[in-house]
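Colleague: Provided herewith: data-v2.pdb, PDB, N, CA and C atoms.
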ATOM      1  N   MET A  21      80.270 -13.032  -8.980
ATOM      2  CA  MET A  21      79.576 -12.635 -10.193
ATOM      3  C   MET A  21      78.955 -11.265  -9.968
ATOM      4  N   ASP A  22      79.041 -10.395 -10.945
ATOM      5  CA  ASP A  22      78.452  -9.068 -10.821
ATOM      6  C   ASP A  22      77.765  -8.707 -12.132
ATOM      7  N   ASN A  23      76.688  -9.399 -12.410
ATOM      8  CA  ASN A  23      75.924  -9.194 -13.625
ATOM      9  C   ASN A  23      74.520  -8.739 -13.229
ATOM     10  N   LYS A  24      74.412  -7.534 -12.686
ATOM     11  CA  LYS A  24      73.160  -7.055 -12.120
ATOM     12  C   LYS A  24      72.398  -6.179 -13.108
ATOM     13  N   ILE A  25      71.065  -6.317 -13.051
ATOM     14  CA  ILE A  25      70.191  -5.461 -13.832
ATOM     15  C   ILE A  25      69.053  -4.997 -12.935
ATOM     16  N   VAL A  26      68.409  -3.927 -13.348
ATOM     17  CA  VAL A  26      67.234  -3.438 -12.650
ATOM     18  C   VAL A  26      66.023  -3.881 -13.457
ATOM     19  N   VAL A  27      65.070  -4.516 -12.763
ATOM     20  CA  VAL A  27      63.834  -4.972 -13.382
ATOM     21  C   VAL A  27      62.672  -4.497 -12.526
ATOM     22  N   PHE A  28      61.471  -4.709 -13.038
ATOM     23  CA  PHE A  28      60.269  -4.327 -12.310
ATOM     24  C   PHE A  28      59.388  -5.553 -12.147
ATOM     25  N   ASP A  29      58.860  -5.738 -10.934
ATOM     26  CA  ASP A  29      57.960  -6.860 -10.731
ATOM     27  C   ASP A  29      56.578  -6.497 -11.266
ATOM     28  N   SER A  30      55.624  -7.420 -11.175
ATOM     29  CA  SER A  30      54.294  -7.187 -11.748
ATOM     30  C   SER A  30      53.540  -6.060 -11.063
ATOM     31  N   ASP A  31      53.975  -5.646  -9.868
ATOM     32  CA  ASP A  31      53.368  -4.511  -9.164
ATOM     33  C   ASP A  31      54.073  -3.193  -9.472
ATOM     34  N   GLY A  32      55.109  -3.244 -10.337
ATOM     35  CA  GLY A  32      55.845  -2.040 -10.687
ATOM     36  C   GLY A  32      56.983  -1.704  -9.740
ATOM     37  N   LYS A  33      57.245  -2.578  -8.772
ATOM     38  CA  LYS A  33      58.326  -2.350  -7.815
ATOM     39  C   LYS A  33      59.671  -2.614  -8.484
ATOM     40  N   GLU A  34      60.610  -1.687  -8.309
ATOM     41  CA  GLU A  34      61.945  -1.798  -8.891
ATOM     42  C   GLU A  34      62.797  -2.752  -8.063
ATOM     43  N   LEU A  35      63.476  -3.678  -8.759
ATOM     44  CA  LEU A  35      64.340  -4.650  -8.097
ATOM     45  C   LEU A  35      65.680  -4.719  -8.808
ATOM     46  N   GLU A  36      66.753  -4.827  -8.050
ATOM     47  CA  GLU A  36      68.057  -5.097  -8.634
ATOM     48  C   GLU A  36      68.335  -6.574  -8.416
ATOM     49  N   VAL A  37      68.563  -7.296  -9.514
ATOM     50  CA  VAL A  37      68.796  -8.734  -9.421
ATOM     51  C   VAL A  37      70.100  -9.084 -10.119
ATOM     52  N   GLU A  38      70.678 -10.195  -9.703
ATOM     53  CA  GLU A  38      71.886 -10.699 -10.344
ATOM     54  C   GLU A  38      71.476 -11.788 -11.326
ATOM     55  N   VAL A  39      71.792 -11.568 -12.584
ATOM     56  CA  VAL A  39      71.410 -12.483 -13.649
ATOM     57  C   VAL A  39      72.364 -13.673 -13.673
ATOM     58  N   LEU A  40      71.789 -14.868 -13.622
ATOM     59  CA  LEU A  40      72.565 -16.087 -13.750
ATOM     60  C   LEU A  40      72.515 -16.595 -15.190
ATOM     61  N   ASP A  41      71.360 -16.411 -15.854
ATOM     62  CA  ASP A  41      71.214 -16.826 -17.244
ATOM     63  C   ASP A  41      69.945 -16.216 -17.824
ATOM     64  N   ILE A  42      69.975 -15.914 -19.110
ATOM     65  CA  ILE A  42      68.799 -15.529 -19.879
ATOM     66  C   ILE A  42      68.761 -16.488 -21.050
ATOM     67  N   PHE A  43      67.593 -17.101 -21.281
ATOM     68  CA  PHE A  43      67.535 -18.149 -22.291
ATOM     69  C   PHE A  43      66.126 -18.276 -22.864
ATOM     70  N   GLY A  44      66.038 -19.001 -23.960
ATOM     71  CA  GLY A  44      64.766 -19.329 -24.570
ATOM     72  C   GLY A  44      64.621 -20.834 -24.655
ATOM     73  N   VAL A  45      63.414 -21.282 -24.966
ATOM     74  CA  VAL A  45      63.150 -22.703 -25.191
ATOM     75  C   VAL A  45      62.358 -22.839 -26.488
ATOM     76  N   LYS A  46      62.603 -23.913 -27.224
ATOM     77  CA  LYS A  46      61.959 -24.114 -28.521
ATOM     78  C   LYS A  46      60.441 -24.168 -28.421
ATOM     79  N   ALA A  47      59.929 -24.722 -27.348
ATOM     80  CA  ALA A  47      58.484 -24.880 -27.194
ATOM     81  C   ALA A  47      57.753 -23.535 -27.085
ATOM     82  N   TYR A  48      58.463 -22.498 -26.689
ATOM     83  CA  TYR A  48      57.884 -21.157 -26.520
ATOM     84  C   TYR A  48      58.821 -20.134 -27.158
ATOM     85  N   PRO A  49      58.913 -20.148 -28.493
ATOM     86  CA  PRO A  49      59.939 -19.352 -29.181
ATOM     87  C   PRO A  49      59.809 -17.832 -29.050
ATOM     88  N   SER A  50      58.636 -17.345 -28.713
ATOM     89  CA  SER A  50      58.474 -15.889 -28.602
ATOM     90  C   SER A  50      58.741 -15.370 -27.196
ATOM     91  N   LYS A  51      59.168 -16.268 -26.292
ATOM     92  CA  LYS A  51      59.373 -15.867 -24.904
ATOM     93  C   LYS A  51      60.836 -15.991 -24.510
ATOM     94  N   GLU A  52      61.227 -15.149 -23.542
ATOM     95  CA  GLU A  52      62.565 -15.199 -22.958
ATOM     96  C   GLU A  52      62.421 -15.383 -21.453
ATOM     97  N   TYR A  53      63.310 -16.197 -20.899
ATOM     98  CA  TYR A  53      63.256 -16.503 -19.477
ATOM     99  C   TYR A  53      64.547 -16.054 -18.816
ATOM    100  N   ILE A  54      64.443 -15.782 -17.515
ATOM    101  CA  ILE A  54      65.608 -15.334 -16.767
ATOM    102  C   ILE A  54      65.745 -16.178 -15.497
ATOM    103  N   LEU A  55      66.951 -16.613 -15.259
ATOM    104  CA  LEU A  55      67.321 -17.277 -14.013
ATOM    105  C   LEU A  55      68.119 -16.236 -13.237
ATOM    106  N   TYR A  56      67.685 -15.911 -12.032
ATOM    107  CA  TYR A  56      68.319 -14.820 -11.297
ATOM    108  C   TYR A  56      68.292 -15.077  -9.795
ATOM    109  N   THR A  57      69.025 -14.253  -9.091
ATOM    110  CA  THR A  57      69.069 -14.326  -7.635
ATOM    111  C   THR A  57      69.120 -12.920  -7.047
ATOM    112  N   MET A  58      68.699 -12.831  -5.801
ATOM    113  CA  MET A  58      68.855 -11.604  -5.023
ATOM    114  C   MET A  58      69.854 -11.858  -3.902
ATOM    115  N   ASN A  59      70.599 -12.966  -4.048
ATOM    116  CA  ASN A  59      71.669 -13.374  -3.132
ATOM    117  C   ASN A  59      71.224 -13.589  -1.694
ATOM    118  N   LYS A  60      70.012 -14.068  -1.526
ATOM    119  CA  LYS A  60      69.530 -14.426  -0.194
ATOM    120  C   LYS A  60      69.955 -15.865   0.090
ATOM    121  N   GLU A  61      70.692 -16.055   1.172
ATOM    122  CA  GLU A  61      71.201 -17.379   1.514
ATOM    123  C   GLU A  61      70.095 -18.279   2.045
ATOM    124  N   VAL A  62      70.063 -19.505   1.517
ATOM    125  CA  VAL A  62      69.165 -20.533   2.034
ATOM    126  C   VAL A  62      69.866 -21.244   3.181
ATOM    127  N   ASP A  63      71.126 -21.550   2.970
ATOM    128  CA  ASP A  63      71.979 -22.132   3.993
ATOM    129  C   ASP A  63      73.418 -21.757   3.647
ATOM    130  N   GLN A  64      74.350 -22.338   4.322
ATOM    131  CA  GLN A  64      75.758 -21.968   4.159
ATOM    132  C   GLN A  64      76.260 -22.122   2.726
ATOM    133  N   ASP A  65      75.715 -23.077   1.983
ATOM    134  CA  ASP A  65      76.228 -23.373   0.651
ATOM    135  C   ASP A  65      75.313 -22.987  -0.506
ATOM    136  N   ASN A  66      74.123 -22.451  -0.211
ATOM    137  CA  ASN A  66      73.146 -22.210  -1.268
ATOM    138  C   ASN A  66      72.486 -20.845  -1.145
ATOM    139  N   ILE A  67      72.119 -20.286  -2.299
ATOM    140  CA  ILE A  67      71.336 -19.056  -2.341
ATOM    141  C   ILE A  67      70.033 -19.344  -3.078
ATOM    142  N   GLU A  68      69.011 -18.543  -2.793
ATOM    143  CA  GLU A  68      67.736 -18.688  -3.481
ATOM    144  C   GLU A  68      67.887 -18.219  -4.921
ATOM    145  N   CYS A  69      67.345 -18.997  -5.842
ATOM    146  CA  CYS A  69      67.320 -18.631  -7.257
ATOM    147  C   CYS A  69      65.885 -18.658  -7.739
ATOM    148  N   TYR A  70      65.598 -17.857  -8.751
ATOM    149  CA  TYR A  70      64.248 -17.722  -9.267
ATOM    150  C   TYR A  70      64.276 -17.840 -10.785
ATOM    151  N   ILE A  71      63.149 -18.283 -11.336
ATOM    152  CA  ILE A  71      62.950 -18.317 -12.783
ATOM    153  C   ILE A  71      61.709 -17.490 -13.071
ATOM    154  N   SER A  72      61.815 -16.587 -14.028
ATOM    155  CA  SER A  72      60.665 -15.776 -14.421
ATOM    156  C   SER A  72      60.659 -15.589 -15.925
ATOM    157  N   LEU A  73      59.514 -15.178 -16.404
ATOM    158  CA  LEU A  73      59.392 -14.735 -17.779
ATOM    159  C   LEU A  73      59.955 -13.322 -17.833
ATOM    160  N   LEU A  74      60.838 -13.059 -18.776
ATOM    161  CA  LEU A  74      61.450 -11.738 -18.907
ATOM    162  C   LEU A  74      60.749 -11.002 -20.036
ATOM    163  N   VAL A  75      60.101  -9.910 -19.699
ATOM    164  CA  VAL A  75      59.329  -9.146 -20.671
ATOM    165  C   VAL A  75      59.988  -7.788 -20.860
ATOM    166  N   LYS A  76      60.358  -7.470 -22.107
ATOM    167  CA  LYS A  76      60.969  -6.175 -22.397
ATOM    168  C   LYS A  76      59.892  -5.227 -22.905
ATOM    169  N   ASP A  77      59.850  -4.048 -22.325
ATOM    170  CA  ASP A  77      58.908  -3.010 -22.724
ATOM    171  C   ASP A  77      59.700  -1.731 -22.904
ATOM    172  N   GLY A  78      60.086  -1.464 -24.144
ATOM    173  CA  GLY A  78      60.942  -0.313 -24.405
ATOM    174  C   GLY A  78      62.307  -0.559 -23.816
ATOM    175  N   ASP A  79      62.736   0.297 -22.892
ATOM    176  CA  ASP A  79      64.037   0.120 -22.247
ATOM    177  C   ASP A  79      63.905  -0.457 -20.835
ATOM    178  N   LYS A  80      62.700  -0.933 -20.470
ATOM    179  CA  LYS A  80      62.470  -1.520 -19.156
ATOM    180  C   LYS A  80      62.233  -3.020 -19.297
ATOM    181  N   TYR A  81      62.647  -3.748 -18.272
ATOM    182  CA  TYR A  81      62.386  -5.179 -18.198
ATOM    183  C   TYR A  81      61.458  -5.453 -17.023
ATOM    184  N   THR A  82      60.494  -6.320 -17.254
ATOM    185  CA  THR A  82      59.570  -6.733 -16.203
ATOM    186  C   THR A  82      59.691  -8.231 -16.022
ATOM    187  N   LEU A  83      59.628  -8.675 -14.785
ATOM    188  CA  LEU A  83      59.594 -10.100 -14.478
ATOM    189  C   LEU A  83      58.146 -10.504 -14.295
ATOM    190  N   ASP A  84      57.761 -11.572 -14.979
ATOM    191  CA  ASP A  84      56.396 -12.058 -14.883
ATOM    192  C   ASP A  84      56.430 -13.526 -14.493
ATOM    193  N   SER A  85      55.410 -13.973 -13.795
ATOM    194  CA  SER A  85      55.367 -15.370 -13.373
ATOM    195  C   SER A  85      55.042 -16.275 -14.557
ATOM    196  N   ILE A  86      55.443 -17.516 -14.437
ATOM    197  CA  ILE A  86      55.138 -18.534 -15.442
ATOM    198  C   ILE A  86      53.963 -19.316 -14.873
ATOM    199  N   ASP A  87      52.763 -19.051 -15.381
ATOM    200  CA  ASP A  87      51.547 -19.598 -14.795
ATOM    201  C   ASP A  87      51.171 -20.982 -15.321
ATOM    202  N   ASP A  88      51.582 -21.316 -16.520
ATOM    203  CA  ASP A  88      51.242 -22.603 -17.121
ATOM    204  C   ASP A  88      52.170 -23.683 -16.557
ATOM    205  N   PRO A  89      51.631 -24.703 -15.870
ATOM    206  CA  PRO A  89      52.478 -25.742 -15.266
ATOM    207  C   PRO A  89      53.363 -26.476 -16.277
ATOM    208  N   ARG A  90      52.854 -26.725 -17.486
ATOM    209  CA  ARG A  90      53.660 -27.405 -18.506
ATOM    210  C   ARG A  90      54.830 -26.526 -18.927
ATOM    211  N   GLU A  91      54.549 -25.251 -19.150
ATOM    212  CA  GLU A  91      55.603 -24.317 -19.530
ATOM    213  C   GLU A  91      56.667 -24.243 -18.436
ATOM    214  N   LEU A  92      56.240 -24.189 -17.189
ATOM    215  CA  LEU A  92      57.182 -24.118 -16.083
ATOM    216  C   LEU A  92      58.077 -25.353 -16.044
ATOM    217  N   GLU A  93      57.514 -26.529 -16.273
ATOM    218  CA  GLU A  93      58.319 -27.754 -16.288
ATOM    219  C   GLU A  93      59.349 -27.735 -17.409
ATOM    220  N   VAL A  94      58.954 -27.260 -18.605
ATOM    221  CA  VAL A  94      59.881 -27.168 -19.733
ATOM    222  C   VAL A  94      61.018 -26.208 -19.399
ATOM    223  N   VAL A  95      60.691 -25.082 -18.801
ATOM    224  CA  VAL A  95      61.694 -24.072 -18.451
ATOM    225  C   VAL A  95      62.630 -24.598 -17.357
ATOM    226  N   LYS A  96      62.081 -25.278 -16.355
ATOM    227  CA  LYS A  96      62.921 -25.864 -15.302
ATOM    228  C   LYS A  96      63.892 -26.876 -15.892
ATOM    229  N   LYS A  97      63.390 -27.708 -16.813
ATOM    230  CA  LYS A  97      64.247 -28.704 -17.452
ATOM    231  C   LYS A  97      65.393 -28.016 -18.194
ATOM    232  N   ALA A  98      65.082 -26.935 -18.890
ATOM    233  CA  ALA A  98      66.120 -26.191 -19.613
ATOM    234  C   ALA A  98      67.178 -25.661 -18.653
ATOM    235  N   CYS A  99      66.757 -25.215 -17.494
ATOM    236  CA  CYS A  99      67.709 -24.705 -16.492
ATOM    237  C   CYS A  99      68.614 -25.791 -15.958
ATOM    238  N   MET A 100      68.107 -26.997 -15.875
ATOM    239  CA  MET A 100      68.877 -28.100 -15.305
ATOM    240  C   MET A 100      69.881 -28.692 -16.303
ATOM    241  N   GLU A 101      69.653 -28.485 -17.566
ATOM    242  CA  GLU A 101      70.530 -29.040 -18.594
ATOM    243  C   GLU A 101      71.835 -28.272 -18.652
ATOM    244  N   GLU A 102      72.895 -28.927 -19.056
ATOM    245  CA  GLU A 102      74.202 -28.277 -19.151
ATOM    246  C   GLU A 102      74.528 -27.836 -20.571
ATOM    247  N   GLU A 103      73.653 -28.160 -21.512
ATOM    248  CA  GLU A 103      73.947 -27.820 -22.903
ATOM    249  C   GLU A 103      73.546 -26.376 -23.173
ATOM    250  N   ASP A 104      73.012 -26.083 -24.341
ATOM    251  CA  ASP A 104      72.815 -24.682 -24.746
ATOM    252  C   ASP A 104      71.484 -24.077 -24.314
ATOM    253  N   ASN A 105      70.720 -24.753 -23.487
ATOM    254  CA  ASN A 105      69.448 -24.239 -22.967
ATOM    255  C   ASN A 105      68.418 -23.918 -24.038
ATOM    256  N   THR A 106      68.441 -24.603 -25.162
ATOM    257  CA  THR A 106      67.407 -24.451 -26.170
ATOM    258  C   THR A 106      66.801 -25.825 -26.361
ATOM    259  N   TYR A 107      65.574 -26.023 -25.889
ATOM    260  CA  TYR A 107      64.971 -27.350 -25.810
ATOM    261  C   TYR A 107      63.571 -27.372 -26.341
ATOM    262  N   GLU A 108      63.109 -28.588 -26.649
ATOM    263  CA  GLU A 108      61.724 -28.836 -27.066
ATOM    264  C   GLU A 108      60.806 -28.633 -25.878
TER     265      GLU A 108
END
As structure tokens, how would this structure be written, given the file I've shared?
Modeller:
Amino acid sequence: MDNKIVVFDSDGKELEVEVLDIFGVKAYPSKEYILYTMNKEVDQDNIECYISLLVKDGDKYTLDSIDDPRELEVVKKACMEEEDNTYE
């Protein structure tokens, strides 16, 4: 897969990440989330993946943490589903 974008973390550091999915959830309709990786291997068969809030500011994207535990659970559930990733 080669679907890479440049984003900025909350400290303004530039990162190149490989996008696995960008999606929304019904419970938080004004927000967009990103599932991504930096291709760091956990073991022979797995790579580390991350979920963040994707914030667009003009032509720049920033990754922000999901601080609300309920919101994080809803977003994780959406990632685990095989359907269209739009959930309550």
Colleague: Given all atoms listed in the file as the basis, pick out the residue of A:Ile67, A:Leu83, A:Pro89, A:Leu74 nearest to Asp31 (chain A).
Modeller: A:Leu83
Colleague: Interatomic distance between atom C of Ser50 (chain A) and atom C of Ile71 (chain A)?
Modeller: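 Atom C of Ile71 (chain A) lies at a distance of 14.6 Å from atom C of Ser50 (chain A).
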Colleague: Using only N, CA and C atoms, which residue out of A:Val26, A:Ile54, A:Lys60, A:Asp41 lies closest to Ser72 (chain A)?
Modeller: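 Among the listed residues, A:Ile54 lies closest to Ser72 (chain A).
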Colleague: Just to confirm, what's the straight-line distance from atom C of Tyr81 (chain A) to atom N of Asp29 (chain A) in Å (one decimal)?
Modeller: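 So the two atoms, atom C of Tyr81 (chain A) and atom N of Asp29 (chain A), lie 6.6 Å apart.
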Colleague: Where does DSSP see helix (DSSP H, G or I) in chain A, if you list the residues as a list of chain:residue names?
Modeller: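 Across chain A, those assigned helix (DSSP H, G or I) are A:Pro89, A:Arg90, A:Glu91, A:Leu92, A:Glu93, A:Val94, A:Val95, A:Lys96, A:Lys97, A:Ala98, A:Cys99, A:Met100.
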Colleague: Take the residues just selected and output them with N, CA and C atoms as a compact mmCIF listing (two decimals), in the frame of the given file.
Modeller:
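Writing the result to result.txt gives the following:
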# COMPACT_ATOMS: atom_id res chain seq x y z
N PRO A 89 51.63 -24.70 -15.87
CA PRO A 89 52.48 -25.74 -15.27
C PRO A 89 53.36 -26.48 -16.28
N ARG A 90 52.85 -26.72 -17.49
CA ARG A 90 53.66 -27.40 -18.51
C ARG A 90 54.83 -26.53 -18.93
N GLU A 91 54.55 -25.25 -19.15
CA GLU A 91 55.60 -24.32 -19.53
C GLU A 91 56.67 -24.24 -18.44
N LEU A 92 56.24 -24.19 -17.19
CA LEU A 92 57.18 -24.12 -16.08
C LEU A 92 58.08 -25.35 -16.04
N GLU A 93 57.51 -26.53 -16.27
CA GLU A 93 58.32 -27.75 -16.29
C GLU A 93 59.35 -27.74 -17.41
N VAL A 94 58.95 -27.26 -18.60
CA VAL A 94 59.88 -27.17 -19.73
C VAL A 94 61.02 -26.21 -19.40
N VAL A 95 60.69 -25.08 -18.80
CA VAL A 95 61.69 -24.07 -18.45
C VAL A 95 62.63 -24.60 -17.36
N LYS A 96 62.08 -25.28 -16.36
CA LYS A 96 62.92 -25.86 -15.30
C LYS A 96 63.89 -26.88 -15.89
N LYS A 97 63.39 -27.71 -16.81
CA LYS A 97 64.25 -28.70 -17.45
C LYS A 97 65.39 -28.02 -18.19
N ALA A 98 65.08 -26.94 -18.89
CA ALA A 98 66.12 -26.19 -19.61
C ALA A 98 67.18 -25.66 -18.65
N CYS A 99 66.76 -25.22 -17.49
CA CYS A 99 67.71 -24.70 -16.49
C CYS A 99 68.61 -25.79 -15.96
N MET A 100 68.11 -27.00 -15.88
CA MET A 100 68.88 -28.10 -15.30
C MET A 100 69.88 -28.69 -16.30
Colleague: Among chain A, which ones does DSSP place in strand (DSSP E), written as a ChimeraX atom specification?
Modeller: /A:24-28,34-43,52-63,66-77,80-84
Colleague: What does the distance from atom C of Asp88 (chain A) to atom C of Glu68 (chain A) come to in Å, to one decimal?
Modeller: 20.3 Å
Colleague: For Ser30 (chain A), which residue out of A:Asp63, A:Ser85, A:Asp77, A:Leu55 is the nearest one, using all atoms listed in the file?
Modeller: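 Of A:Asp63, A:Ser85, A:Asp77, A:Leu55, the one nearest Ser30 (chain A) is A:Ser85, counting all atoms listed in the file.
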Colleague: Could you work out an axis-aligned box for region 26-37 of chain A, taking every atom the file lists and adding 4 Å on each side, and report centre and edge lengths in Å to one decimal, as JSON?
Modeller:
{"center_x": 61.7, "center_y": -5.4, "center_z": -10.6, "size_x": 24.7, "size_y": 15.4, "size_z": 13.6}
Colleague: Let me know the residues the PyMOL selection byres ((chain A and resi 25) around 8) catches in the file above, as a JSON list (two decimals) with N, CA and C atoms, in the coordinates of the input.
Modeller:
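The resulting file, selection_25.json, is shown below:
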[["chain", "number", "residue", "atom", "x", "y", "z"],
["A", 22, "ASP", "N", 79.04, -10.40, -10.94],
["A", 22, "ASP", "CA", 78.45, -9.07, -10.82],
["A", 22, "ASP", "C", 77.76, -8.71, -12.13],
["A", 23, "ASN", "N", 76.69, -9.40, -12.41],
["A", 23, "ASN", "CA", 75.92, -9.19, -13.62],
["A", 23, "ASN", "C", 74.52, -8.74, -13.23],
["A", 24, "LYS", "N", 74.41, -7.53, -12.69],
["A", 24, "LYS", "CA", 73.16, -7.06, -12.12],
["A", 24, "LYS", "C", 72.40, -6.18, -13.11],
["A", 26, "VAL", "N", 68.41, -3.93, -13.35],
["A", 26, "VAL", "CA", 67.23, -3.44, -12.65],
["A", 26, "VAL", "C", 66.02, -3.88, -13.46],
["A", 27, "VAL", "N", 65.07, -4.52, -12.76],
["A", 27, "VAL", "CA", 63.83, -4.97, -13.38],
["A", 27, "VAL", "C", 62.67, -4.50, -12.53],
["A", 28, "PHE", "N", 61.47, -4.71, -13.04],
["A", 28, "PHE", "CA", 60.27, -4.33, -12.31],
["A", 28, "PHE", "C", 59.39, -5.55, -12.15],
["A", 35, "LEU", "N", 63.48, -3.68, -8.76],
["A", 35, "LEU", "CA", 64.34, -4.65, -8.10],
["A", 35, "LEU", "C", 65.68, -4.72, -8.81],
["A", 36, "GLU", "N", 66.75, -4.83, -8.05],
["A", 36, "GLU", "CA", 68.06, -5.10, -8.63],
["A", 36, "GLU", "C", 68.33, -6.57, -8.42],
["A", 37, "VAL", "N", 68.56, -7.30, -9.51],
["A", 37, "VAL", "CA", 68.80, -8.73, -9.42],
["A", 37, "VAL", "C", 70.10, -9.08, -10.12],
["A", 38, "GLU", "N", 70.68, -10.20, -9.70],
["A", 38, "GLU", "CA", 71.89, -10.70, -10.34],
["A", 38, "GLU", "C", 71.48, -11.79, -11.33],
["A", 39, "VAL", "N", 71.79, -11.57, -12.58],
["A", 39, "VAL", "CA", 71.41, -12.48, -13.65],
["A", 39, "VAL", "C", 72.36, -13.67, -13.67]]
Colleague: Using only C-alpha atoms for the distances, tell me which of A:Tyr70, A:Val62, A:Pro49, A:Lys80 is nearest to Cys99 (chain A).
Modeller: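 Closest to Cys99 (chain A) of all the choices is A:Tyr70.
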Colleague: For each of A:Gly78, A:Lys33, A:Arg90, A:Val95, take the minimum atom-to-atom distance to Tyr53 (chain A), counting only N, CA and C atoms, then give the residue where this is smallest.
Modeller: A:Val95
